[in-house]
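Have a look at model-v9.cif; it's mmCIF, C-alpha atoms:
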data_work
#
loop_
_atom_site.label_atom_id
_atom_site.label_comp_id
_atom_site.auth_asym_id
_atom_site.auth_seq_id
_atom_site.Cartn_x
_atom_site.Cartn_y
_atom_site.Cartn_z
CA PHE A 1 0.00 0.00 0.00
CA GLY A 2 0.97 3.66 -0.46
CA LEU A 3 0.93 5.97 2.55
CA TYR A 4 -2.43 7.53 1.50
CA SER A 5 -4.10 4.11 1.06
CA THR A 6 -2.81 2.93 4.43
CA LEU A 7 -4.15 5.99 6.22
CA SER A 8 -7.57 5.62 4.50
CA LEU A 9 -7.79 1.97 5.54
CA CYS A 10 -6.97 2.88 9.13
CA MET A 11 -9.74 5.50 9.21
CA GLN A 12 -12.32 2.92 8.08
CA THR A 13 -11.53 0.57 10.97
CA LYS A 14 -12.72 0.72 14.55
CA GLY A 15 -10.45 3.09 16.47
CA GLY A 16 -9.21 4.57 13.19
CA VAL A 17 -7.92 7.83 14.72
CA ALA A 18 -5.74 5.96 17.21
CA CYS A 19 -4.42 3.79 14.38
CA VAL A 20 -3.43 6.83 12.32
CA CYS A 21 -1.69 8.47 15.29
CA ALA A 22 0.34 5.33 16.00
CA LEU A 23 1.36 5.07 12.34
CA LEU A 24 2.53 8.70 12.21
CA LEU A 25 4.57 8.31 15.42
CA ALA A 26 6.30 5.25 13.94
CA LEU A 27 7.17 7.16 10.77
CA ILE A 28 8.63 10.05 12.79
CA SER A 29 10.82 7.65 14.85
CA ASP A 30 12.17 6.01 11.68
CA ALA A 31 13.04 9.40 10.20
CA ASP A 32 15.10 10.36 13.24
CA ALA A 33 17.14 7.16 12.90
CA LEU A 34 18.06 8.10 9.34
CA VAL A 35 19.84 11.35 10.27
CA VAL A 36 23.60 10.94 9.65
CA THR A 37 26.36 13.44 10.42
CA PRO A 38 29.24 13.01 7.95
CA ASN A 39 32.83 13.24 9.04
CA PHE A 40 34.94 15.26 6.65
CA ALA A 41 38.15 15.43 8.73
CA PRO A 42 41.05 15.66 6.25
CA ALA A 43 43.81 13.10 6.35
CA ARG A 44 47.36 14.33 6.97
CA SER A 45 50.81 12.91 7.22
CA ARG A 46 51.64 11.68 10.71
CA PHE A 47 55.33 12.48 10.88
CA MET A 48 57.96 14.73 9.34
CA ASP A 49 59.92 13.39 6.39
CA VAL A 50 63.69 13.90 6.60
CA SER A 51 64.37 12.14 3.30
CA ARG A 52 64.90 15.51 1.60
CA MET A 53 68.04 15.91 3.68
CA GLY A 54 69.85 13.19 1.77
CA HIS A 55 69.93 10.46 4.39
CA ILE A 56 67.62 8.56 6.71
CA SER A 57 68.43 5.66 8.87
CA ARG A 58 65.97 6.00 11.75
CA SER A 59 63.35 18.34 44.36
CA LYS A 60 60.48 16.52 43.20
CA ARG A 61 61.15 13.12 41.85
CA ALA A 62 62.20 13.25 38.23
CA VAL A 63 59.75 10.51 37.30
CA ARG A 64 56.13 11.57 36.95
CA GLN A 65 53.43 8.87 37.09
CA CYS A 66 55.43 5.87 35.90
CA ALA A 67 53.77 3.29 38.10
CA SER A 68 50.42 2.95 36.31
CA PRO A 69 50.12 0.09 33.77
CA LEU A 70 49.49 0.72 30.08
CA ARG A 71 45.81 0.68 29.27
CA ALA A 72 43.44 1.39 26.40
CA THR A 73 41.25 4.50 26.49
CA LYS A 74 38.45 5.79 24.30
CA GLU A 75 40.60 8.73 23.24
CA GLY A 76 43.70 6.82 22.25
CA GLY A 77 42.53 3.38 21.19
CA LYS A 78 44.49 0.23 21.93
CA ALA A 79 47.68 0.47 23.99
CA PRO A 80 50.88 -0.79 22.28
CA SER A 81 52.73 -3.77 23.71
CA ARG A 82 55.48 -1.48 25.00
CA PRO A 83 55.57 2.26 25.71
CA ILE A 84 56.50 4.85 23.10
CA ILE A 85 59.31 7.19 24.16
CA VAL A 86 59.11 10.85 23.13
CA TRP A 87 62.24 12.97 23.50
CA ASP A 88 63.03 16.64 23.86
CA VAL A 89 66.24 17.55 22.01
CA MET A 90 68.12 20.56 23.36
CA SER A 91 69.78 19.95 26.75
CA THR A 92 68.28 16.45 26.74
CA LEU A 93 69.85 14.73 23.74
CA VAL A 94 71.98 17.53 22.32
CA TYR A 95 74.21 20.19 23.88
CA ASP A 96 72.59 23.65 23.67
CA PRO A 97 75.20 26.34 22.83
CA PHE A 98 72.87 29.22 23.67
CA PHE A 99 73.77 29.55 27.33
CA VAL A 100 77.58 29.62 27.06
CA GLU A 101 78.77 29.91 23.47
CA VAL A 102 76.30 32.60 22.32
CA PRO A 103 77.18 35.10 25.08
CA LYS A 104 80.86 34.35 24.44
CA PHE A 105 80.37 35.01 20.70
CA LEU A 106 78.74 38.35 21.56
CA GLY A 107 81.55 39.37 23.91
CA MET A 108 79.47 38.95 27.06
CA LYS A 109 80.48 37.33 30.32
CA SER A 110 77.22 35.43 30.81
CA VAL A 111 73.80 34.84 29.31
CA ASN A 112 72.35 37.12 31.98
CA GLU A 113 73.79 40.08 30.06
CA LEU A 114 71.94 38.96 26.96
CA TYR A 115 68.44 38.47 28.38
CA PRO A 116 67.58 42.15 29.00
CA ILE A 117 68.54 43.27 25.47
CA LYS A 118 67.30 40.27 23.44
CA ASP A 119 63.84 40.28 21.83
CA GLY A 120 62.34 37.19 23.41
CA GLU A 121 59.13 37.44 21.38
CA ALA A 122 61.08 37.24 18.12
CA TRP A 123 62.72 34.00 19.25
CA LEU A 124 59.39 32.45 20.24
CA ALA A 125 57.91 33.41 16.86
CA PHE A 126 60.95 31.82 15.16
CA GLU A 127 60.43 28.60 17.11
CA ARG A 128 56.76 28.54 16.07
CA GLY A 129 57.75 28.99 12.43
CA GLU A 130 56.04 32.38 12.18
CA ILE A 131 59.16 34.23 11.01
CA CYS A 132 62.19 33.14 8.97
CA GLU A 133 65.86 33.13 9.97
CA GLY A 134 66.50 36.53 8.38
CA GLU A 135 63.67 38.11 10.36
CA LEU A 136 64.94 36.54 13.59
CA LEU A 137 68.45 37.90 13.05
CA ARG A 138 67.05 41.34 12.16
CA ASP A 139 64.91 41.43 15.32
CA PHE A 140 67.24 39.52 17.66
CA PHE A 141 68.07 42.62 19.73
CA LEU A 142 65.46 45.01 21.08
CA ASP A 143 67.37 48.01 19.68
CA ARG A 144 67.62 46.35 16.22
CA ARG A 145 71.39 46.87 16.10
CA GLU A 146 73.65 45.64 13.31
CA TRP A 147 75.47 42.47 14.29
CA ASP A 148 77.00 39.27 12.88
CA GLY A 149 73.92 37.09 12.99
CA LYS A 150 75.13 34.76 10.25
CA GLY A 151 78.32 34.20 12.20
CA MET A 152 76.30 33.14 15.24
CA VAL A 153 74.29 30.67 13.17
CA GLN A 154 77.51 29.12 11.84
CA MET A 155 78.92 28.91 15.36
CA LEU A 156 75.80 27.14 16.62
CA GLY A 157 76.16 24.48 13.93
CA GLU A 158 79.74 23.84 14.99
CA GLU A 159 78.81 23.44 18.66
CA TYR A 160 75.94 20.95 18.40
CA ARG A 161 76.97 17.60 19.89
CA TRP A 162 75.47 14.65 21.75
CA LEU A 163 75.35 15.01 25.52
CA PRO A 164 77.62 12.50 27.32
CA GLY A 165 76.29 8.93 27.27
CA VAL A 166 73.01 9.82 25.58
CA GLU A 167 73.70 8.36 22.13
CA ASP A 168 74.63 4.98 23.64
CA MET A 169 71.34 5.01 25.55
CA VAL A 170 69.11 5.80 22.60
CA ARG A 171 71.02 3.33 20.42
CA SER A 172 70.31 0.60 22.97
CA LEU A 173 66.61 1.50 23.09
CA SER A 174 66.43 1.56 19.29
CA GLU A 175 68.10 -1.85 19.04
CA GLN A 176 65.53 -3.22 21.49
CA GLY A 177 62.80 -2.05 19.14
CA TYR A 178 61.35 0.87 21.09
CA GLU A 179 59.42 3.34 18.97
CA MET A 180 60.83 6.82 19.62
CA HIS A 181 59.87 10.31 18.47
CA ILE A 182 61.10 13.87 18.94
CA LEU A 183 58.97 16.65 20.45
CA SER A 184 61.12 19.77 20.34
CA ASN A 185 60.75 23.52 20.74
CA TYR A 186 63.19 24.50 17.98
CA PRO A 187 63.33 26.49 14.75
CA VAL A 188 64.45 25.40 11.29
CA TRP A 189 67.94 24.82 12.67
CA TRP A 190 66.76 21.33 13.68
CA SER A 191 67.87 20.29 10.19
CA THR A 192 71.45 21.35 11.00
CA ILE A 193 71.37 19.11 14.08
CA GLU A 194 70.09 16.22 11.95
CA GLU A 195 72.73 16.72 9.28
CA LYS A 196 75.51 16.70 11.88
CA LEU A 197 74.32 14.13 14.43
CA ARG A 198 71.75 12.05 12.48
CA LEU A 199 69.28 11.57 15.30
CA SER A 200 66.96 9.94 12.76
CA ARG A 201 69.02 6.75 13.02
CA TYR A 202 67.27 6.17 16.33
CA MET A 203 64.04 8.20 16.33
CA GLN A 204 61.78 10.26 14.10
CA TRP A 205 61.69 14.07 13.91
CA SER A 206 57.94 13.84 14.30
CA PHE A 207 56.95 16.98 16.22
CA VAL A 208 59.01 20.18 15.94
CA SER A 209 57.52 23.50 17.01
CA CYS A 210 58.48 25.35 13.82
CA GLN A 211 56.51 22.75 11.82
CA GLU A 212 53.51 22.53 14.13
CA GLY A 213 53.08 26.23 14.96
CA MET A 214 52.96 25.65 18.71
CA ARG A 215 55.39 25.04 21.57
CA LYS A 216 55.59 23.12 24.79
CA PRO A 217 54.07 23.43 27.35
CA ASP A 218 50.95 24.28 25.32
CA ALA A 219 48.49 21.45 26.02
CA ARG A 220 47.55 21.34 22.32
CA ILE A 221 50.96 20.04 21.26
CA TYR A 222 50.72 17.07 23.65
CA GLN A 223 47.20 16.30 22.40
CA LEU A 224 48.43 16.48 18.80
CA VAL A 225 51.20 13.98 19.58
CA ALA A 226 48.82 11.50 21.22
CA ASP A 227 46.32 11.87 18.38
CA ARG A 228 48.90 11.28 15.65
CA LEU A 229 50.50 8.37 17.45
CA ALA A 230 46.97 6.98 17.96
CA VAL A 231 47.76 5.49 21.36
CA PRO A 232 46.44 6.13 24.88
CA PRO A 233 48.31 8.98 26.61
CA SER A 234 49.40 6.55 29.34
CA SER A 235 51.39 4.63 26.69
CA ILE A 236 53.74 7.59 26.14
CA ILE A 237 56.89 8.30 28.17
CA PHE A 238 58.20 11.85 27.75
CA VAL A 239 61.80 12.86 28.53
CA ASP A 240 62.64 16.58 28.80
CA ASP A 241 65.08 18.67 30.84
CA SER A 242 62.31 21.18 31.66
CA PRO A 243 60.13 20.22 34.66
CA SER A 244 57.32 22.48 33.42
CA ASN A 245 57.24 20.69 30.06
CA VAL A 246 57.16 17.31 31.78
CA ASP A 247 54.45 18.41 34.19
CA ALA A 248 52.32 19.60 31.25
CA ALA A 249 52.70 16.17 29.62
CA VAL A 250 51.75 14.39 32.84
CA ALA A 251 48.67 16.62 33.11
CA MET A 252 47.62 15.19 29.72
CA GLY A 253 47.95 11.62 31.02
CA TRP A 254 51.49 10.86 29.83
CA LYS A 255 54.29 9.45 31.93
CA GLY A 256 57.25 11.78 32.32
CA CYS A 257 60.93 11.88 33.26
CA VAL A 258 62.87 15.07 33.92
CA PHE A 259 66.30 14.64 32.35
CA GLU A 260 69.06 15.11 34.94
CA GLY A 261 71.78 13.01 33.33
CA VAL A 262 72.05 9.53 31.86
CA GLU A 263 72.43 7.55 35.10
CA ARG A 264 69.37 9.15 36.67
CA LEU A 265 67.37 8.68 33.47
CA GLN A 266 68.22 4.98 33.31
CA SER A 267 66.83 4.58 36.82
CA ASP A 268 63.73 6.63 35.99
CA LEU A 269 63.02 4.68 32.79
CA LEU A 270 63.35 1.44 34.73
CA GLU A 271 60.57 2.66 37.04
CA CYS A 272 58.50 3.07 33.86
CA GLY A 273 59.25 -0.51 32.83
CA VAL A 274 61.97 0.32 30.30
CA GLN A 275 65.32 -1.47 30.65
CA VAL A 276 68.21 0.34 28.95
#

Write the structure described by the file as C-alpha cells, please.
Amino acid sequence: FGLYSTLSLCMQTKGGVACVCALLLALISDADALVVTPNFAPARSRFMDVSRMGHISRSKRAVRQCASPLRATKEGGKAPSRPIIVWDVMSTLVYDPFFVEVPKFLGMKSVNELYPIKDGEAWLAFERGEICEGELLRDFFLDRREWDGKGMVQMLGEEYRWLPGVEDMVRSLSEQGYEMHILSNYPVWWSTIEEKLRLSRYMQWSFVSCQEGMRKPDARIYQLVADRLAVPPSSIIFVDDSPSNVDAAVAMGWKGCVFEGVERLQSDLLECGVQV
C-alpha cells in the first residue's frame, strides 16, 4: 500500500484515529534514525619526512606517574605492547650552545647580560615557524642593532653535539625495538642538528615547534602527539630537561621523566618498565 491508502484503511476501521496516530509516530521515529552526520576530517601525514636531507636511517622526583600500567582509552585506542618514548632535544639529547657559546660570541660574560637586550618574542615566533631566519636575526636585539647574525648561526652548527652517554642510551633502546619520536621547541635549525648528528638513526623528527606552529608546554601540542600516534596517553613516556614541560605532559595523562643526566634517566626509565 501507499501511505495515503494505508491511512484511508486505518480511518475505516474501529479506532481509526488511534491507528493513524500510532502510524505517524512510527514514521517520525524512523526518520530520526536516518539522520547521519558526515565526518569530513582531512587526512594528513603523521610524521615529518627527513628524506629531503639526503639520508635517513631512523626536588620533586624526576619521574612523573610511571607506576600505572598501560591501558586502552576511548581517546587513544588500543595500547601498544610497550611504551612509546618521546624525547626533547636541546639539553636532553643535544648540547645547547645558547647559554655559554652565544654570550661568548657576543663578547658577554654570561647569558644574563643577553636576556635584558634580546627580543624574546622574536625567538618564540621563530620557534613557532612564524618568522624566517632573516627576520629573527634582524629582530634579535630590542634596539635592532647591526650584528654578525650569520656568524652566530655558523657557530651554533659547529657546537651541536650529543650530551655524554646519551647516544649509547638511545642506540640501545632503538636496538631493542622501542618506537621513539622527537617533540622539540626549535626552529628550522633542527635540520642542522640532523645533518651533523643524524638523530633519525634512532628516532623520528615527528613533532618540531616550527613545523607545528605551537610550543611546549601548550596542552595542544601534547594532544596532537597522542592523536597522531593513535595510542592512549598513558602509553607515552616523555623525557625533557624542563620540569614544566614534563608536568604539562603528565597533566595530559602521559608518563614523564625530567632529564638530569644519563644515570638518573636509566633509573627513571626502569621505574617506567623500560630497561636500557

Nearest to Asp247 (chain A) by atom-to-atom distance, counting all atoms listed in the file, from A:Lys109, A:Lys78, A:His181, A:Lys216: A:Lys216

Explicit residue set for the PyMOL selection byres ((chain A and resi 129-141) around 8), as a PyMOL selection string: chain A and resi 117-120+122-123+125-128+142-146+149-150+187-188+209-213

CA of Trp190 (chain A) to CA of Met155 (chain A), straight-line distance in Å: 14.4 Å

Residue IDs satisfying the PyMOL selection byres ((chain A and resi 167) around 10), as a PyMOL selection string: chain A and resi 93-94+162-166+168-173+197+199+202+262

Of the listed residues A:Ile237, A:Met214, A:Val231, A:Met252, that which approaches Gly273 (chain A) most closely, counting only C-alpha atoms: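 For Gly273 (chain A), the nearest of the given residues is A:Ile237.
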